[in-house]
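Trainee: Here you go, one structure.
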Amino acid sequence: MCAHVEMRGVSKEFYGKVALDNVDLSVQYGDFFALVGPNGAGKTTLLRIIDLLEKPSSGEVWLDGERIDYSRRDLHVFRRKIGFVPQRPILFNASVFDNIAYGLKFRGLSSHEIKERIKRTLDLVQLSGFERRNALKLSGGEMQRVSLAQALVTEPRLLLLDEPTSNLDPKSASIIEKVLLDINTHGMVTVIMASHDLQQVKNLAKRIAILNRGRIVKIGSPNEILVSPIDELAEYMRLENVFSGFSRVTEYGTSVIEVSEELKIEAAFIKTGPIRIHVPPESITLLTEKVPTSARNFFEGEIFEISDQGNIIKVRVRVRGGGEFTAKITRKSLEEMKLNIGKRIFISFKASSVKII
Ligand code: ATP
């Protein structure tokens, strides 16, 4: 059987600058394919070429066994079988229903069928009852779920997603991941997703390609790819809060990882010996005062960087002993806590949120 998506020697230049360099790729029907790579690696360009929005400078793209001629006037016929969820939702100032119905307008469906489909899709993304709400007045996570609904309502056989959960609240991110797993496993939808979330890629992907400077540097199953040296992975996946140290088991059945003399991190697993760990930024709580907490890890530090990521703000904290932690919080929390660079702050996280990598 032919591959669902095939690229042969695809290159793309923008005004002489190479965005993709001789990419060969084959994605089978029903695959869950993750594209990872640092900023500017070419992930979005690759997705846009598959979505027929961007024409390759050279090389061949095959969809459903048919070679794509990008100069065809009827490319929309191919595009109808593809769903695309961009990094930032494209919504207009109207109801959630109208935003989702838009993609169905040209498909000749009855209004009854349109209503049914929208209801089913909103149920799937856990936004039942949101039909009449204004799409632009939703939270970032809800908007991204409407964006996913826009793509899914057309019942595509191929779904492309560009970092669908980056900077989302954990609840929306987990709803989106659940939907993706469900449509891939039960709906047999082929999924190609750009991501930089290691845990997400581990949980969802059947195959992974690492893209760097427009080239595929590695391709394989999660087991093959995720054994790469951690420094390499951390760079490609923009992993934050990676520490290495010596782990010792405690009498309470946890482990303490000595990162430095002053920085010791407690984890819920049992492990002795040298290891590397990862603390997801979403699992870190920032506190302006020293308060009692059940979290096993509690450190004092100073904020040295604050960056705006859209709905989420990234706050970097240097703790005593030299460790640097990144936490992600909402803008509301930033304002309420009056955080600024140089401010003294406490960070805490549970032993169970520490992962071995
Ligand atoms: P990110 O993770 O930051 O979204 P990416 O891996 O998706 O990055 P691309 O957006 O595909 O990377 O960009 C690859 C390269 O092509 C970058 O150097 C980018 O500046 C360039 N590029 C992409 N689109 C255009 C465009 N329309 N015009 C000019 N240059 C572009």
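Chain lettering (A, B, ...) mirrors the order of the structure tokens, residue numbering begins at 1 for each chain separately, and ligand numbering begins at 1 in order of display.
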Which chains and residue numbers are within 7 Å of ligand 1, counting only C-alpha atoms and all ligand atoms, if I want them as a list in words?

Mentor: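 What falls inside 7 Å of ligand 1 is Phe14, Tyr15, Val18, Ala19, Gly37, Pro38, Asn39, Gly40, Ala41, Gly42, Lys43, Thr44, Thr45, Leu46 and Gly214 of chain A.
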
Trainee: Just to be explicit: take each residue in the selection above, keep all heavy atoms, and write the result as a CSV table (one decimal), in the first residue's frame.

Mentor:
```csv
chain,number,residue,atom,x,y,z
A,14,PHE,N,13.3,30.5,1.1
A,14,PHE,CA,12.6,31.8,1.1
A,14,PHE,C,13.6,32.9,0.8
A,14,PHE,O,14.5,33.1,1.6
A,14,PHE,CB,12.0,32.1,2.5
A,14,PHE,CG,10.8,31.1,2.9
A,14,PHE,CD1,11.0,30.1,3.8
A,14,PHE,CD2,9.6,31.3,2.3
A,14,PHE,CE1,10.0,29.2,4.1
A,14,PHE,CE2,8.5,30.5,2.7
A,14,PHE,CZ,8.7,29.5,3.6
A,15,TYR,N,13.5,33.5,-0.3
A,15,TYR,CA,14.4,34.6,-0.7
A,15,TYR,C,15.9,34.1,-0.5
A,15,TYR,O,16.7,34.8,0.1
A,15,TYR,CB,14.2,35.9,0.0
A,15,TYR,CG,12.7,36.2,0.1
A,15,TYR,CD1,12.0,36.0,1.3
A,15,TYR,CD2,12.0,36.6,-1.0
A,15,TYR,CE1,10.6,36.3,1.4
A,15,TYR,CE2,10.6,36.9,-0.9
A,15,TYR,CZ,10.0,36.7,0.3
A,15,TYR,OH,8.6,37.0,0.4
A,18,VAL,N,17.5,28.9,3.1
A,18,VAL,CA,17.0,27.5,3.0
A,18,VAL,C,16.2,27.2,4.3
A,18,VAL,O,16.7,27.3,5.4
A,18,VAL,CB,18.2,26.5,2.9
A,18,VAL,CG1,17.6,25.1,2.9
A,18,VAL,CG2,18.9,26.8,1.6
A,19,ALA,N,14.9,26.8,4.1
A,19,ALA,CA,14.1,26.5,5.3
A,19,ALA,C,14.0,25.0,5.4
A,19,ALA,O,13.9,24.4,6.5
A,19,ALA,CB,12.7,27.1,5.2
A,37,GLY,N,12.1,19.7,16.9
A,37,GLY,CA,13.3,20.5,16.5
A,37,GLY,C,13.3,21.9,17.1
A,37,GLY,O,12.2,22.4,17.5
A,38,PRO,N,14.4,22.5,17.1
A,38,PRO,CA,14.5,23.9,17.7
A,38,PRO,C,13.8,24.9,16.9
A,38,PRO,O,13.3,24.6,15.7
A,38,PRO,CB,16.0,24.2,17.7
A,38,PRO,CG,16.6,23.3,16.7
A,38,PRO,CD,15.7,22.1,16.6
A,39,ASN,N,13.7,26.1,17.4
A,39,ASN,CA,13.1,27.2,16.6
A,39,ASN,C,13.7,27.4,15.3
A,39,ASN,O,14.9,27.3,15.2
A,39,ASN,CB,13.2,28.5,17.4
A,39,ASN,CG,12.3,28.6,18.6
A,39,ASN,OD1,11.3,28.0,18.6
A,39,ASN,ND2,12.8,29.4,19.5
A,40,GLY,N,12.9,27.6,14.2
A,40,GLY,CA,13.4,27.8,12.9
A,40,GLY,C,13.9,26.6,12.2
A,40,GLY,O,14.5,26.7,11.1
A,41,ALA,N,13.7,25.4,12.7
A,41,ALA,CA,14.2,24.1,12.1
A,41,ALA,C,13.5,23.8,10.8
A,41,ALA,O,14.0,23.1,10.0
A,41,ALA,CB,14.0,23.0,13.1
A,42,GLY,N,12.2,24.4,10.6
A,42,GLY,CA,11.5,24.1,9.4
A,42,GLY,C,10.2,23.3,9.6
A,42,GLY,O,9.6,22.9,8.7
A,43,LYS,N,9.8,23.1,10.9
A,43,LYS,CA,8.6,22.3,11.2
A,43,LYS,C,7.4,22.9,10.5
A,43,LYS,O,6.6,22.2,9.9
A,43,LYS,CB,8.4,22.2,12.7
A,43,LYS,CG,9.6,21.6,13.4
A,43,LYS,CD,9.4,21.5,14.9
A,43,LYS,CE,9.2,22.8,15.6
A,43,LYS,NZ,10.4,23.7,15.7
A,44,THR,N,7.2,24.2,10.8
A,44,THR,CA,6.0,24.8,10.2
A,44,THR,C,6.0,24.8,8.7
A,44,THR,O,5.0,24.5,8.1
A,44,THR,CB,5.9,26.3,10.7
A,44,THR,OG1,5.9,26.3,12.1
A,44,THR,CG2,4.6,27.0,10.2
A,45,THR,N,7.1,25.1,8.1
A,45,THR,CA,7.2,25.0,6.6
A,45,THR,C,6.9,23.6,6.1
A,45,THR,O,6.1,23.5,5.1
A,45,THR,CB,8.7,25.4,6.2
A,45,THR,OG1,9.0,26.7,6.8
A,45,THR,CG2,8.8,25.5,4.7
A,46,LEU,N,7.4,22.6,6.8
A,46,LEU,CA,7.1,21.2,6.3
A,46,LEU,C,5.6,21.0,6.4
A,46,LEU,O,5.0,20.4,5.5
A,46,LEU,CB,7.9,20.3,7.2
A,46,LEU,CG,8.1,18.9,6.7
A,46,LEU,CD1,9.4,18.3,7.2
A,46,LEU,CD2,7.0,18.0,7.1
A,214,GLY,N,16.5,22.6,8.8
A,214,GLY,CA,15.8,22.2,7.6
A,214,GLY,C,16.1,20.8,7.1
A,214,GLY,O,15.6,20.3,6.1
```

Trainee: Residues of region 285-322 of chain A in strand (DSSP E) according to DSSP, as a list in words?

Mentor: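 Across region 285-322 of chain A, those assigned strand (DSSP E) are Thr285, Leu286, Leu287, Asn297, Phe298, Phe299, Glu300, Gly301, Glu302, Ile303, Phe304, Glu305, Ile306, Ser307, Asp308, Ile312, Ile313, Lys314, Val315, Arg316, Val317, Arg318 and Val319 of chain A.
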
Trainee: Quick one: write out the picked residues with N, CA, C and O atoms as a JSON list (two decimals), in the first residue's frame?

Mentor:
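This went into again_22.json:
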```
[["chain", "number", "residue", "atom", "x", "y", "z"],
["A", 285, "THR", "N", 5.22, 25.55, 41.20],
["A", 285, "THR", "CA", 4.40, 26.63, 41.78],
["A", 285, "THR", "C", 5.34, 27.72, 42.30],
["A", 285, "THR", "O", 6.36, 27.42, 42.91],
["A", 286, "LEU", "N", 4.96, 28.96, 42.04],
["A", 286, "LEU", "CA", 5.74, 30.10, 42.56],
["A", 286, "LEU", "C", 5.03, 30.67, 43.78],
["A", 286, "LEU", "O", 3.80, 30.81, 43.77],
["A", 287, "LEU", "N", 5.79, 30.99, 44.79],
["A", 287, "LEU", "CA", 5.19, 31.55, 46.01],
["A", 287, "LEU", "C", 6.00, 32.76, 46.44],
["A", 287, "LEU", "O", 7.24, 32.73, 46.37],
["A", 297, "ASN", "N", 9.57, 19.47, 47.40],
["A", 297, "ASN", "CA", 10.67, 20.31, 46.94],
["A", 297, "ASN", "C", 10.30, 21.78, 47.12],
["A", 297, "ASN", "O", 9.26, 22.23, 46.62],
["A", 298, "PHE", "N", 11.13, 22.50, 47.81],
["A", 298, "PHE", "CA", 10.86, 23.90, 48.13],
["A", 298, "PHE", "C", 12.19, 24.65, 48.14],
["A", 298, "PHE", "O", 13.10, 24.30, 48.89],
["A", 299, "PHE", "N", 12.34, 25.61, 47.25],
["A", 299, "PHE", "CA", 13.63, 26.31, 47.16],
["A", 299, "PHE", "C", 13.41, 27.82, 47.11],
["A", 299, "PHE", "O", 12.43, 28.30, 46.53],
["A", 300, "GLU", "N", 14.39, 28.52, 47.64],
["A", 300, "GLU", "CA", 14.33, 29.98, 47.57],
["A", 300, "GLU", "C", 15.23, 30.45, 46.43],
["A", 300, "GLU", "O", 16.30, 29.87, 46.18],
["A", 301, "GLY", "N", 14.80, 31.47, 45.72],
["A", 301, "GLY", "CA", 15.63, 31.96, 44.62],
["A", 301, "GLY", "C", 15.26, 33.37, 44.22],
["A", 301, "GLY", "O", 14.56, 34.08, 44.94],
["A", 302, "GLU", "N", 15.74, 33.74, 43.03],
["A", 302, "GLU", "CA", 15.52, 35.10, 42.55],
["A", 302, "GLU", "C", 15.12, 35.02, 41.07],
["A", 302, "GLU", "O", 15.71, 34.25, 40.31],
["A", 303, "ILE", "N", 14.15, 35.81, 40.68],
["A", 303, "ILE", "CA", 13.71, 35.82, 39.27],
["A", 303, "ILE", "C", 14.78, 36.53, 38.42],
["A", 303, "ILE", "O", 15.21, 37.63, 38.77],
["A", 304, "PHE", "N", 15.23, 35.86, 37.33],
["A", 304, "PHE", "CA", 16.21, 36.55, 36.49],
["A", 304, "PHE", "C", 15.72, 36.75, 35.06],
["A", 304, "PHE", "O", 16.37, 37.40, 34.26],
["A", 305, "GLU", "N", 14.55, 36.19, 34.75],
["A", 305, "GLU", "CA", 14.02, 36.40, 33.39],
["A", 305, "GLU", "C", 12.51, 36.22, 33.41],
["A", 305, "GLU", "O", 12.00, 35.30, 34.06],
["A", 306, "ILE", "N", 11.81, 37.09, 32.68],
["A", 306, "ILE", "CA", 10.36, 36.93, 32.51],
["A", 306, "ILE", "C", 10.08, 37.10, 31.03],
["A", 306, "ILE", "O", 10.45, 38.12, 30.45],
["A", 307, "SER", "N", 9.47, 36.07, 30.40],
["A", 307, "SER", "CA", 9.17, 36.28, 28.98],
["A", 307, "SER", "C", 7.73, 35.92, 28.67],
["A", 307, "SER", "O", 7.16, 34.99, 29.21],
["A", 308, "ASP", "N", 7.18, 36.72, 27.78],
["A", 308, "ASP", "CA", 5.79, 36.63, 27.41],
["A", 308, "ASP", "C", 5.62, 35.59, 26.31],
["A", 308, "ASP", "O", 6.23, 35.70, 25.26],
["A", 312, "ILE", "N", 0.59, 32.43, 28.27],
["A", 312, "ILE", "CA", 1.37, 31.97, 29.42],
["A", 312, "ILE", "C", 2.65, 32.80, 29.53],
["A", 312, "ILE", "O", 3.24, 33.18, 28.52],
["A", 313, "ILE", "N", 3.06, 33.04, 30.75],
["A", 313, "ILE", "CA", 4.30, 33.79, 30.98],
["A", 313, "ILE", "C", 5.35, 32.82, 31.53],
["A", 313, "ILE", "O", 5.06, 32.01, 32.42],
["A", 314, "LYS", "N", 6.54, 32.90, 30.96],
["A", 314, "LYS", "CA", 7.64, 32.04, 31.41],
["A", 314, "LYS", "C", 8.47, 32.83, 32.42],
["A", 314, "LYS", "O", 8.94, 33.92, 32.11],
["A", 315, "VAL", "N", 8.63, 32.26, 33.58],
["A", 315, "VAL", "CA", 9.41, 32.93, 34.62],
["A", 315, "VAL", "C", 10.60, 32.05, 34.97],
["A", 315, "VAL", "O", 10.44, 30.87, 35.27],
["A", 316, "ARG", "N", 11.81, 32.61, 34.89],
["A", 316, "ARG", "CA", 13.00, 31.82, 35.21],
["A", 316, "ARG", "C", 13.58, 32.28, 36.54],
["A", 316, "ARG", "O", 13.71, 33.48, 36.80],
["A", 317, "VAL", "N", 13.88, 31.28, 37.36],
["A", 317, "VAL", "CA", 14.32, 31.54, 38.74],
["A", 317, "VAL", "C", 15.65, 30.85, 38.98],
["A", 317, "VAL", "O", 15.81, 29.67, 38.65],
["A", 318, "ARG", "N", 16.60, 31.61, 39.56],
["A", 318, "ARG", "CA", 17.87, 31.00, 39.94],
["A", 318, "ARG", "C", 17.81, 30.73, 41.44],
["A", 318, "ARG", "O", 17.57, 31.64, 42.23],
["A", 319, "VAL", "N", 17.96, 29.44, 41.80],
["A", 319, "VAL", "CA", 17.85, 29.12, 43.23],
["A", 319, "VAL", "C", 19.22, 29.02, 43.85],
["A", 319, "VAL", "O", 20.24, 28.93, 43.15]]
```

Trainee: How many Å lie between CA of Ile216 (chain A) and CA of Lys17 (chain A), rounded to one decimal?

Mentor: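 Separation of CA of Ile216 (chain A) and CA of Lys17 (chain A): 17.1 Å.
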
Trainee: Among the residues of region 118-320 of chain A, find those DSSP assigns to alpha helix (DSSP H) from the backbone and print them as a PyMOL selection string.

Mentor: chain A and resi 118-124+140-152+170-185+198-204+222-225+230-237

Trainee: Write out as a list of chain:residue names which residues come within 8 Å of Lys271 (chain A) when counting only C-alpha atoms, dropping same-chain ones fewer than 2 positions away.

Mentor: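 Listing them by chain and then by number gives A:Ser247, A:Arg248, A:Val249, A:Ser255, A:Phe269, A:Gly273.
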
Trainee: Using N, CA and C atoms, can you write the selected residues to a file as a compact mmCIF listing (two decimals), in the first residue's frame?

Mentor:
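File written: selection-v4.txt
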```txt
# COMPACT_ATOMS: atom_id res chain seq x y z
N SER A 247 21.56 9.85 42.52
CA SER A 247 20.31 9.58 43.21
C SER A 247 20.50 8.54 44.31
N ARG A 248 19.90 8.83 45.47
CA ARG A 248 19.94 7.87 46.59
C ARG A 248 18.53 7.64 47.11
N VAL A 249 18.24 6.39 47.46
CA VAL A 249 16.90 6.06 47.95
C VAL A 249 16.81 6.45 49.43
N SER A 255 13.42 9.10 46.35
CA SER A 255 14.85 9.23 46.07
C SER A 255 15.23 10.70 46.17
N PHE A 269 10.19 8.34 42.66
CA PHE A 269 10.64 7.01 42.20
C PHE A 269 11.76 6.47 43.09
N GLY A 273 22.05 5.79 41.88
CA GLY A 273 23.08 5.95 40.85
C GLY A 273 22.93 7.25 40.11
```

Trainee: Would you kindly return, as an NGL selection string, each protein, DNA or RNA residue with an atom no farther than 8 Å from any atom of Glu155 (chain A), considering only C-alpha atoms and excluding same-chain residues fewer than 3 positions away?

Mentor: :A and (81 or 83 or 151-152)

Trainee: Neighbouring residues of Gln28 (chain A) were defined as those with any atom within 7 Å, considering only C-alpha atoms; residues of the same chain fewer than 5 positions away were excluded. Please report them as a list in words.

Mentor: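 Final neighbour list, sorted by chain and number: Ala3, His4 and Val5 of chain A.
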
Trainee: Kindly give the distance, in Å, that separates CA of Asp21 (chain A) and CA of Lys218 (chain A), rounded to a single decimal.

Mentor: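 These two atoms are separated by 14.0 Å.
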
Trainee: Check the smallest atom-to-atom distance from each of A:Ala149, A:Lys202, A:Lys115, A:Met1 to Val227 (chain A) using only C-alpha atoms, then report the winner.

Mentor: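 Of the candidates, the smallest distance to Val227 (chain A) is held by A:Lys202.
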
Trainee: Which residues are near Ala135 (chain A)? Cut-off 7 Å, only C-alpha atoms, ignore same chain within fewer than 4 positions. Put them as a PyMOL selection string.

Mentor: chain A and resi 91+93-96+143
